[in-house]
Amino acid sequence: MELKFRRHPDYQALRAEMTPHDIYIRRRELLAAAGFAGSAAMLGGLPAFAQTPSAQVAAGAAVAAKKSAYTIADQQAAEQDFNEFCNFYEFGLNKDDPARHAGKMDVSNWKIKVEGETDAPGTYDLRDLIDYSQLEERVYRHRCVERWSMVVPWIGVPLGPVLAKLKPKAGAKYAQFLTHLDRSAMVGLAYGGLDWPYSEALHLNEAKNDLAFLAVGAYGKGLKQQNGAPIRTVVPWKYGYKGAKSIDTIRFTTMQPPTAWTVANPREYGFYSNVNPKRSHPRWSQEQERVLGVGGFNPQRKTEMFNGYEAQVGYLYKDIDLIKYH
Amino acid sequence: MAGNAALRTFAKHWMKPLTLIALAAPFLFLAWQWLQVLTGINPRAMGTDFVTYTHHFLGDTAIRVLLVTLAVSPVRDITGWGPIALIRRRIGLAAFFYAALHMIAYLWLDRGWDLGLLWEDMVVRTYIMLGMASLVLMVPLALTSNNSSIRKLGRQTWDRIHWLIFPLAILAVAHNLLMVKIIYGDPLIHAIILALLLGWRVARWSIGKLRPAAAA
């Protein structure tokens with residue numbers, strides 16, 4: 001019922017123009033004006049929802065976004081492949097596990113904790129962070145460290161301005177992103193291997209780059225849980241695991257924070273984890289990748305430095321030995 | 001025992017053909033999946049990444065069939081049912097067949113027959129070297145898995161050559177364990193089964209050394 005309500009076109013249209021505070025204060029009035037005859041009764045039956053209006057796009061619900069210049073022309077991966085071939089170890093090690101198990105994770109009424117070296121610590125509703133009327137679609141190549149890639153039309157907002165809104169202190173150098181930890185839904189936690197909650201981080205200079213993206217949707221719809229609903233980072237010049245899914249904490253730090261895969265195996269996974277065909281993974285070459293989701297024989301393509309985004313991000317690493325600091 | 005006649009009939013007429021069908025089944029299953037993808041009946045028969053799917057399916061099958069080969073002697077010794085040893089060679093041959101297909105799938109689908117890439121993989125990456133070594137050690141075993149070889153070489157020499165199955169099984173399972181990001185699930189189960197099969201032999205051997213009469 002709640003989902004049906006959120007998907008209603010009148011509500012969608014209204015929502016685009018409202019600030020979160022307005023929704024909160026005038027919710028009944030606005031809903032009545034939108035033509036919800038039984039809205040009072042409906043809200044009465046959903047007290048939690050009425051009191052803490054959820055700001056996000058529901059998983060799988062249609063979402064509008066304007067096209068962005070950051071659009072590569074290559075054939076996009078089929079939406080089904082995007083949704084059924086996922087790495088989200090909290091839900092299992094196999095690629096199809098997240099699609100089967102992640103739906104149990106409740107992503108409504110999402111809040112993000114902001115802490116550490118910031119002048120604006122606190123708990124934020126997604127609408128406090130994201131202007132849902134300004135969403136854009138960016139078609140990025142997603143390059144997994146496992147030597148495959150998919151071209152994905154993400155929907156979201158640039159990461160930099162959102163972090164700026166959260167007022168990192170002058171000494172803050174890194175932004176750390178922690179994935180939500182839901183012990184009852186995350187059936188994969190038992191496998192161990194990584195420290196939970198999943199942690200990823202970027203240097204603030206990296207996070208400020210225009211390519212760094214906060215995604216709330218893909219393929220014209222709200223993200224599904226297996227792909228990190230309701231909000232995740234997408235860092236297209238780095239290997240896929242640098243994107244933190246289902247973010248529930250953003251922490252600003254002065255020191256480089258521990259990140260999940262680097263802690264698990266520092267020889268194989270460095271902090272930067274920039275896509276780099278010259279820096280082989282110890283167990284496989286990174287010079288090529290299989291293009292997934294385009295049908296046929298999983299065509300191979302040559303992997304590009306910084307996943308093809310060298311012009312945009314090369315300056316960040318100008319004086320750094322990227323083989324040593326991989 | 002009443003079951004003996006039936007068992008004898010089974011061993012004589014059914015055991016070998018049924019084994020062959022069971023050993024061919026994974027290959028036929030994979031071929032059916034490929035057919036569905038190639039003809040477009042079901043393009044998703046192997047999921048999103050069918051190169052990896054094919055490659056891993058063949059590798060997993062090779063290791064499992066190899067473990068079944070190693071289980072034949074313990075089953076014979078525990079149950080006392082001798083005829084089961086008659087299918088040991090063909091199970092071992094099937095393990096080689098799947099391992100060779102696994103290697104071909106890797107070279108063709110994954111490396112595109114690029115031998116330079118293959119050489120780099122071999123030299124730089126331990127788990128690939130272990131897998132290759134295992135496959136190379138399987139070759140003399142596969143070539144001599146026939147009656148005339150036993151006759152020509154003599155039982156003792158033949159046994160000595162086929163003792164290689166122990167190191168090559170260890171190499172294969174190590175290859176399997178080292179390739180995953182997190183050691184869990186199938187590779188770990190394969191390693192545990194191998195440890196049990198080898199452990200059983202070591203235990204029997206040491207008991208036999210202590211009490212030779214009892215082991216006979």
# chains A, B, ... in the order shown; residues from 1 in each chain; ligands from 1

call {"tool": "interface_residues", "arguments": {"of": "chain A", "to": "chain B", "cutoff": "12 Å", "atoms": "only C-alpha atoms", "output": "VMD selection string"}}
result
chain A and resid 77 to 87 89 92 to 96 145 to 150 188 190 to 194 261 264 to 265 268 to 269 280 to 301

call {"tool": "select_by_dssp", "arguments": {"residues": "segment 213-303 of chain A", "states": "strand (DSSP E)", "output": "list in words"}}
result
Phe213, Leu214, Ala215, Val216, Gly217, Ala218, Lys221, Gly222, Arg232, Thr233, Val234, Ile247, Asp248, Thr249, Ile250, Arg251, Phe252, Thr253, Gln288, Glu289, Arg290, Val291, Gln300, Arg301 and Lys302 of chain A

call {"tool": "write_last_selection", "arguments": {"atoms": "C-alpha atoms", "output": "PDB file, in the first residue's frame"}}
result
ATOM      1  CA  PHE A 213      28.626  10.124  -8.405  1.00  0.00           C
ATOM      2  CA  LEU A 214      25.943   9.333  -5.833  1.00  0.00           C
ATOM      3  CA  ALA A 215      23.444   7.021  -7.509  1.00  0.00           C
ATOM      4  CA  VAL A 216      19.875   6.472  -6.407  1.00  0.00           C
ATOM      5  CA  GLY A 217      18.703   4.793  -9.580  1.00  0.00           C
ATOM      6  CA  ALA A 218      19.599   3.144 -12.874  1.00  0.00           C
ATOM      7  CA  LYS A 221      14.169   3.327 -11.989  1.00  0.00           C
ATOM      8  CA  GLY A 222      15.076   3.460  -8.339  1.00  0.00           C
ATOM      9  CA  ARG A 232      25.430   4.267  -3.363  1.00  0.00           C
ATOM     10  CA  THR A 233      28.593   5.771  -4.724  1.00  0.00           C
ATOM     11  CA  VAL A 234      29.766   5.174  -8.290  1.00  0.00           C
ATOM     12  CA  ILE A 247      25.315   3.757   2.439  1.00  0.00           C
ATOM     13  CA  ASP A 248      24.221   4.391   6.006  1.00  0.00           C
ATOM     14  CA  THR A 249      27.189   6.359   7.352  1.00  0.00           C
ATOM     15  CA  ILE A 250      29.423   9.015   5.851  1.00  0.00           C
ATOM     16  CA  ARG A 251      32.455   9.732   8.015  1.00  0.00           C
ATOM     17  CA  PHE A 252      35.031  12.436   7.376  1.00  0.00           C
ATOM     18  CA  THR A 253      38.550  11.599   8.531  1.00  0.00           C
ATOM     19  CA  GLN A 288      41.393  -7.028 -21.037  1.00  0.00           C
ATOM     20  CA  GLU A 289      37.834  -7.297 -19.855  1.00  0.00           C
ATOM     21  CA  ARG A 290      34.761  -9.261 -20.866  1.00  0.00           C
ATOM     22  CA  VAL A 291      31.859  -7.023 -21.830  1.00  0.00           C
ATOM     23  CA  GLN A 300      36.561  -8.931 -25.002  1.00  0.00           C
ATOM     24  CA  ARG A 301      37.798  -5.363 -25.045  1.00  0.00           C
ATOM     25  CA  LYS A 302      41.093  -3.806 -24.064  1.00  0.00           C
TER      26      LYS A 302
END

call {"tool": "residues_around", "arguments": {"residues": "Leu223 of chain A", "least_positions_apart": "5", "cutoff": "9 Å", "atoms": "only C-alpha atoms", "output": "list in words"}}
result
Val57, Ala58, Ala59, Gly60, Ala61, Trp154, Ile155, Ala215, Val216, Gly217, Ala218, Gly228, Ala229, Pro230 and Ile231 of chain A

call {"tool": "closest_residue", "arguments": {"among": "A:Asn227, A:Thr254, A:Gln312, A:Thr303", "to": "Gly103 of chain A", "atoms": "only C-alpha atoms"}}
result
A:Asn227

call {"tool": "atom_distance", "arguments": {"atom1": "atom CA of Ala102 of chain A", "atom2": "atom CA of Leu189 of chain A"}}
result
12.3 Å

call {"tool": "residues_around", "arguments": {"residues": "Ser73 of chain B", "least_positions_apart": "2", "cutoff": "12 Å", "atoms": "only C-alpha atoms", "output": "ChimeraX atom specification"}}
result
/B:67-71,75-89,197-198,200-201,204

call {"tool": "select_by_dssp", "arguments": {"residues": "segment 75-200 of chain B", "states": "helix (DSSP H, G or I)", "output": "PyMOL selection string"}}
result
chain B and resi 75-79+82-110+115-124+126-143+147-153+155-162+165-178+186-200
